>>> print(open('protein-v7.cif').read())   # mmCIF, C-alpha atoms
data_protein
loop_
_atom_site.group_PDB
_atom_site.id
_atom_site.type_symbol
_atom_site.label_atom_id
_atom_site.label_comp_id
_atom_site.auth_asym_id
_atom_site.auth_seq_id
_atom_site.Cartn_x
_atom_site.Cartn_y
_atom_site.Cartn_z
ATOM 1 C CA TYR D 201 98.853 119.017 80.645
ATOM 2 C CA GLN D 202 99.277 115.681 82.453
ATOM 3 C CA GLU D 203 99.586 113.875 79.139
ATOM 4 C CA THR D 204 102.254 116.310 77.955
ATOM 5 C CA LEU D 205 104.090 115.881 81.245
ATOM 6 C CA LEU D 206 104.033 112.084 80.931
ATOM 7 C CA ASP D 207 105.227 112.310 77.321
ATOM 8 C CA THR D 208 108.086 114.608 78.356
ATOM 9 C CA VAL D 209 109.147 112.296 81.198
ATOM 10 C CA THR D 210 109.026 109.322 78.846
ATOM 11 C CA GLN D 211 111.096 111.145 76.228
ATOM 12 C CA LEU D 212 113.737 112.439 78.659
ATOM 13 C CA ILE D 213 114.167 109.131 80.481
ATOM 14 C CA GLY D 214 113.813 107.000 77.369
ATOM 15 C CA GLU D 215 116.431 106.305 74.758
ATOM 16 C CA ALA D 216 116.403 109.922 73.558
ATOM 17 C CA GLY D 217 117.541 111.216 76.942
ATOM 18 C CA ASP D 218 121.181 111.543 77.902
ATOM 19 C CA ILE D 219 122.327 110.355 81.337
ATOM 20 C CA GLU D 220 122.118 113.855 82.875
ATOM 21 C CA SER D 221 118.510 114.269 81.678
ATOM 22 C CA VAL D 222 117.604 110.831 82.982
ATOM 23 C CA MET D 223 118.977 111.569 86.440
ATOM 24 C CA SER D 224 117.489 115.073 86.584
ATOM 25 C CA VAL D 225 114.020 113.892 85.635
ATOM 26 C CA ALA D 226 114.204 110.829 87.915
ATOM 27 C CA LEU D 227 115.011 113.127 90.839
ATOM 28 C CA LEU D 228 111.885 115.198 90.071
ATOM 29 C CA VAL D 229 109.431 112.332 89.616
ATOM 30 C CA PRO D 230 108.623 111.831 93.343
ATOM 31 C CA ASP D 231 107.849 115.558 93.701
ATOM 32 C CA LEU D 232 105.742 115.522 90.530
ATOM 33 C CA LEU D 233 103.774 112.562 91.824
ATOM 34 C CA ASN D 234 103.273 114.156 95.234
ATOM 35 C CA GLY D 235 101.976 117.350 93.591
ATOM 36 C CA MET D 236 99.569 115.363 91.434
ATOM 37 C CA ILE D 237 98.312 113.399 94.434
ATOM 38 C CA GLU D 238 97.633 116.677 96.257
ATOM 39 C CA MET D 239 95.795 118.002 93.198
ATOM 40 C CA PHE D 240 93.632 114.865 93.063
ATOM 41 C CA SER D 241 92.935 115.155 96.792
ATOM 42 C CA GLY D 242 91.665 118.693 96.242
ATOM 43 C CA TRP D 243 89.392 117.482 93.458
ATOM 44 C CA GLU D 244 88.044 114.701 95.682
ATOM 45 C CA ARG D 245 87.343 117.122 98.549
ATOM 46 C CA ASN D 246 85.570 119.568 96.226
ATOM 47 C CA SER D 247 83.472 116.888 94.546
ATOM 48 C CA ALA D 248 82.589 115.306 97.907
ATOM 49 C CA ALA D 249 81.416 118.673 99.222
ATOM 50 C CA LYS D 250 79.295 119.270 96.107
ATOM 51 C CA LEU D 251 77.890 115.750 95.920
ATOM 52 C CA LYS D 252 77.363 114.874 99.576
ATOM 53 C CA LYS D 253 74.119 113.064 98.882
ATOM 54 C CA LYS D 254 75.295 111.304 95.726
ATOM 55 C CA GLY D 255 78.732 110.308 97.013
ATOM 56 C CA SER D 256 82.021 111.180 95.413
ATOM 57 C CA ARG D 257 83.902 109.372 92.705
ATOM 58 C CA ASP D 258 86.917 107.347 93.846
ATOM 59 C CA LEU D 259 89.959 108.631 91.977
ATOM 60 C CA THR D 260 92.363 106.100 93.517
ATOM 61 C CA PRO D 261 92.544 103.773 90.472
ATOM 62 C CA LEU D 262 93.234 106.783 88.258
ATOM 63 C CA GLN D 263 96.010 107.903 90.604
ATOM 64 C CA PHE D 264 97.558 104.420 90.480
ATOM 65 C CA ARG D 265 97.519 104.545 86.669
ATOM 66 C CA LEU D 266 99.101 107.972 86.736
ATOM 67 C CA TRP D 267 101.855 106.710 89.040
ATOM 68 C CA SER D 268 102.499 103.629 86.927
ATOM 69 C CA ASN D 269 102.698 105.703 83.740
ATOM 70 C CA LEU D 270 105.019 108.184 85.425
ATOM 71 C CA VAL D 271 107.505 105.579 86.666
ATOM 72 C CA TYR D 272 107.276 103.093 83.792
ATOM 73 C CA PRO D 273 109.988 104.868 81.731
ATOM 74 C CA MET D 274 112.379 104.387 84.664
ATOM 75 C CA VAL D 275 111.508 100.692 84.877
ATOM 76 C CA LEU D 276 112.164 100.345 81.139
ATOM 77 C CA LYS D 277 115.456 102.205 81.453
ATOM 78 C CA LEU D 278 116.601 99.819 84.179
ATOM 79 C CA HIS D 279 115.577 96.772 82.124
ATOM 80 C CA LYS D 280 117.129 97.983 78.865
ATOM 81 C CA SER D 281 120.424 99.223 80.268
ATOM 82 C CA PRO D 282 123.099 96.913 81.594
ATOM 83 C CA LEU D 283 122.701 97.102 85.346
ATOM 84 C CA SER D 284 125.644 98.485 87.203
ATOM 85 C CA ALA D 285 126.340 100.226 90.457
ATOM 86 C CA SER D 286 126.352 103.556 88.643
ATOM 87 C CA HIS D 287 124.974 106.737 90.121
ATOM 88 C CA SER D 288 122.193 106.748 87.500
ATOM 89 C CA THR D 289 121.062 103.248 88.545
ATOM 90 C CA LEU D 290 120.968 104.404 92.157
ATOM 91 C CA ILE D 291 118.948 107.527 91.266
ATOM 92 C CA LEU D 292 116.421 105.520 89.219
ATOM 93 C CA LEU D 293 115.958 102.930 91.971
ATOM 94 C CA ARG D 294 115.665 105.621 94.642
ATOM 95 C CA SER D 295 113.013 107.434 92.627
ATOM 96 C CA LEU D 296 111.064 104.194 92.180
ATOM 97 C CA ARG D 297 111.302 103.515 95.909
ATOM 98 C CA GLU D 298 110.249 107.054 96.873
ATOM 99 C CA THR D 299 107.231 107.001 94.574
ATOM 100 C CA LEU D 300 106.299 103.553 95.862
ATOM 101 C CA ALA D 301 106.381 104.997 99.391
ATOM 102 C CA LEU D 302 103.903 107.664 98.209
ATOM 103 C CA VAL D 303 101.650 104.961 96.757
ATOM 104 C CA LEU D 304 101.649 103.243 100.149
ATOM 105 C CA LYS D 305 101.229 106.473 102.142
ATOM 106 C CA HIS D 306 98.233 107.640 100.093
ATOM 107 C CA ASN D 307 96.676 104.179 99.623
ATOM 108 C CA LEU D 308 96.817 104.383 95.842
ATOM 109 C CA TYR D 309 96.796 100.602 95.642
ATOM 110 C CA LEU D 310 94.267 98.606 97.551
ATOM 111 C CA PRO D 311 94.041 94.881 96.784
ATOM 112 C CA SER D 312 90.271 95.156 97.264
ATOM 113 C CA HIS D 313 89.942 97.568 94.330
ATOM 114 C CA ARG D 314 88.739 96.177 91.062
ATOM 115 C CA ASP D 315 91.775 95.437 88.892
ATOM 116 C CA GLU D 316 90.643 94.958 85.309
ATOM 117 C CA GLY D 317 93.004 92.716 83.404
ATOM 118 C CA ASN D 318 95.246 92.442 86.484
ATOM 119 C CA PHE D 319 96.961 95.667 85.412
ATOM 120 C CA CYS D 320 97.875 96.767 88.949
ATOM 121 C CA PHE D 321 99.114 93.358 90.015
ATOM 122 C CA THR D 322 101.136 92.934 86.822
ATOM 123 C CA PHE D 323 102.742 96.346 87.209
ATOM 124 C CA LEU D 324 103.647 95.712 90.846
ATOM 125 C CA GLU D 325 105.088 92.346 89.833
ATOM 126 C CA THR D 326 107.191 94.092 87.161
ATOM 127 C CA LEU D 327 108.439 96.518 89.782
ATOM 128 C CA ALA D 328 109.361 93.650 92.110
ATOM 129 C CA THR D 329 111.227 91.968 89.255
ATOM 130 C CA THR D 330 113.094 95.222 88.616
ATOM 131 C CA PHE D 331 114.281 95.392 92.227
ATOM 132 C CA ILE D 332 115.206 91.687 92.278
ATOM 133 C CA ASP D 333 117.076 91.868 88.949
ATOM 134 C CA SER D 334 118.990 94.881 90.242
ATOM 135 C CA LEU D 335 119.929 92.979 93.401
ATOM 136 C CA ASN D 336 121.073 89.981 91.365
ATOM 137 C CA ALA D 337 123.204 92.214 89.132
ATOM 138 C CA MET D 338 124.874 93.729 92.201
ATOM 139 C CA ASN D 339 125.761 90.257 93.490
ATOM 140 C CA GLU D 340 127.960 89.766 90.440
ATOM 141 C CA LEU D 341 130.024 92.907 91.113
ATOM 142 C CA GLU D 342 132.837 93.557 93.537
ATOM 143 C CA ALA D 343 131.623 95.079 96.804
ATOM 144 C CA SER D 344 131.645 98.867 97.110
ATOM 145 C CA ASP D 345 129.754 101.665 98.854
ATOM 146 C CA GLU D 346 127.761 102.351 95.680
ATOM 147 C CA ILE D 347 126.699 98.700 95.451
ATOM 148 C CA ALA D 348 125.616 98.797 99.096
ATOM 149 C CA ARG D 349 123.454 101.872 98.370
ATOM 150 C CA VAL D 350 121.869 100.223 95.322
ATOM 151 C CA GLU D 351 121.167 97.069 97.346
ATOM 152 C CA SER D 352 119.646 99.166 100.137
ATOM 153 C CA GLU D 353 117.270 100.888 97.689
ATOM 154 C CA CYS D 354 116.255 97.488 96.296
ATOM 155 C CA HIS D 355 115.632 96.012 99.742
ATOM 156 C CA GLN D 356 113.590 99.030 100.810
ATOM 157 C CA GLY D 357 111.601 98.920 97.565
ATOM 158 C CA LEU D 358 110.806 95.239 98.045
ATOM 159 C CA GLU D 359 109.786 95.882 101.645
ATOM 160 C CA LEU D 360 107.355 98.595 100.487
ATOM 161 C CA LEU D 361 105.903 96.217 97.897
ATOM 162 C CA LEU D 362 105.318 93.633 100.617
ATOM 163 C CA ARG D 363 103.541 96.216 102.739
ATOM 164 C CA LEU D 364 101.133 97.010 99.889
ATOM 165 C CA ASN D 365 99.488 93.628 100.322
#
>>> encode(input="protein-v7.cif", output="structure tokens")
Amino acid sequence: YQETLLDTVTQLIGEAGDIESVMSVALLVPDLLNGMIEMFSGWERNSAAKLKKKGSRDLTPLQFRLWSNLVYPMVLKLHKSPLSASHSTLILLRSLRETLALVLKHNLYLPSHRDEGNFCFTFLETLATTFIDSLNAMNELEASDEIARVESECHQGLELLLRLN
């Protein structure tokens, strides 16, 4: 069902989704991620209890991949759409920031983990670029409360990225 969920998120946030669908799904993504993290934690506890002598399998890299696949459609949406201080831009950036906070809270990214092909680093770099590009786009617009909120989400997102390392 996770694959179907990811496909649905991708479809609703992607080009096929209207602005209302995009915002609705983006608002749900942090809760979806949190639920999946809790599910993985239950699996880890159960497998650790069953395999005390053998050790349990670390699911953290899998959780990072799940997170990156879940938020990637939002990153694409921000890169493909002209950036503005719209409510949808704010919702997408807030969702990215909230899920990034979950990544930090649950240690889903650890620089010491093996990162084949630099996937994790590259994705985090893409996320940083997304926040920076959004900030740069806001600098070109006339000041408003909405711009201030978008800039705040970007600053908080960049701060979380810095804390990951």
>>> atom_distance(input="protein-v7.cif", atom1="atom CA of D:His355", atom2="atom CA of D:Asn234")
22.4 Å
>>> residues_around(input="protein-v7.cif", residues="stretch 299-302 of chain D", least_positions_apart="2", cutoff="8 Å", atoms="all atoms listed in the file", output="PyMOL selection string")
chain D and resi 229-230+233-234+267+295-297+304-306+357+360-361
>>> residues_around(input="protein-v7.cif", residues="D:Ser224", least_positions_apart="3", cutoff="10 Å", atoms="all atoms listed in the file", output="list of chain:residue names")
D:Leu212, D:Ile213, D:Ile219, D:Glu220, D:Ser221, D:Leu227, D:Leu228, D:Val229, D:Ser288, D:Ile291, D:Leu292
>>> resolve_selection(input="protein-v7.cif", expression="the PyMOL selection byres ((chain D and resi 265) around 10)", output="list in words")
Thr260, Pro261, Leu262, Gln263, Phe264, Leu266, Trp267, Ser268, Asn269, Leu270, Leu308, Tyr309, Phe319, Cys320 and Phe323 of chain D
>>> resolve_selection(input="protein-v7.cif", expression="the PyMOL selection byres ((chain D and resi 335) around 12)", output="PyMOL selection string")
chain D and resi 278+283-285+289-290+293+328-334+336-341+347-358
>>> write_last_selection(input="protein-v7.cif", atoms="C-alpha atoms", output="compact mmCIF listing (two decimals), in the coordinates of the input")
# COMPACT_ATOMS: atom_id res chain seq x y z
CA LEU D 278 116.60 99.82 84.18
CA LEU D 283 122.70 97.10 85.35
CA SER D 284 125.64 98.48 87.20
CA ALA D 285 126.34 100.23 90.46
CA THR D 289 121.06 103.25 88.54
CA LEU D 290 120.97 104.40 92.16
CA LEU D 293 115.96 102.93 91.97
CA ALA D 328 109.36 93.65 92.11
CA THR D 329 111.23 91.97 89.26
CA THR D 330 113.09 95.22 88.62
CA PHE D 331 114.28 95.39 92.23
CA ILE D 332 115.21 91.69 92.28
CA ASP D 333 117.08 91.87 88.95
CA SER D 334 118.99 94.88 90.24
CA ASN D 336 121.07 89.98 91.36
CA ALA D 337 123.20 92.21 89.13
CA MET D 338 124.87 93.73 92.20
CA ASN D 339 125.76 90.26 93.49
CA GLU D 340 127.96 89.77 90.44
CA LEU D 341 130.02 92.91 91.11
CA ILE D 347 126.70 98.70 95.45
CA ALA D 348 125.62 98.80 99.10
CA ARG D 349 123.45 101.87 98.37
CA VAL D 350 121.87 100.22 95.32
CA GLU D 351 121.17 97.07 97.35
CA SER D 352 119.65 99.17 100.14
CA GLU D 353 117.27 100.89 97.69
CA CYS D 354 116.26 97.49 96.30
CA HIS D 355 115.63 96.01 99.74
CA GLN D 356 113.59 99.03 100.81
CA GLY D 357 111.60 98.92 97.56
CA LEU D 358 110.81 95.24 98.04
>>> residues_near_point(input="protein-v7.cif", point="(111.8, 104.4, 79.8)", cutoff="12 Å", atoms="only C-alpha atoms", output="number ranges by chain")
D: 206-218, 222, 225-226, 268-281, 292
>>> atom_distance(input="protein-v7.cif", atom1="atom CA of D:Asp258", atom2="atom CA of D:Phe240")
10.1 Å
>>> closest_residue(input="protein-v7.cif", among="D:Ala343, D:Met223, D:Leu362, D:Leu259", to="D:Met239", atoms="only C-alpha atoms")
D:Leu259
>>> atom_distance(input="protein-v7.cif", atom1="atom CA of D:Pro311", atom2="atom CA of D:Asn365")
6.6 Å
>>> axis_aligned_box(input="protein-v7.cif", around="stretch 329-339 of chain D", padding_each_side="5 Å", output="lines of an AutoDock Vina configuration file")
center_x = 118.5
center_y = 92.7
center_z = 91.1
size_x = 24.5
size_y = 15.4
size_z = 14.9
>>> closest_residue(input="protein-v7.cif", among="D:Glu342, D:Leu364, D:Glu298, D:Val303", to="D:Glu325", atoms="all atoms listed in the file")
D:Leu364
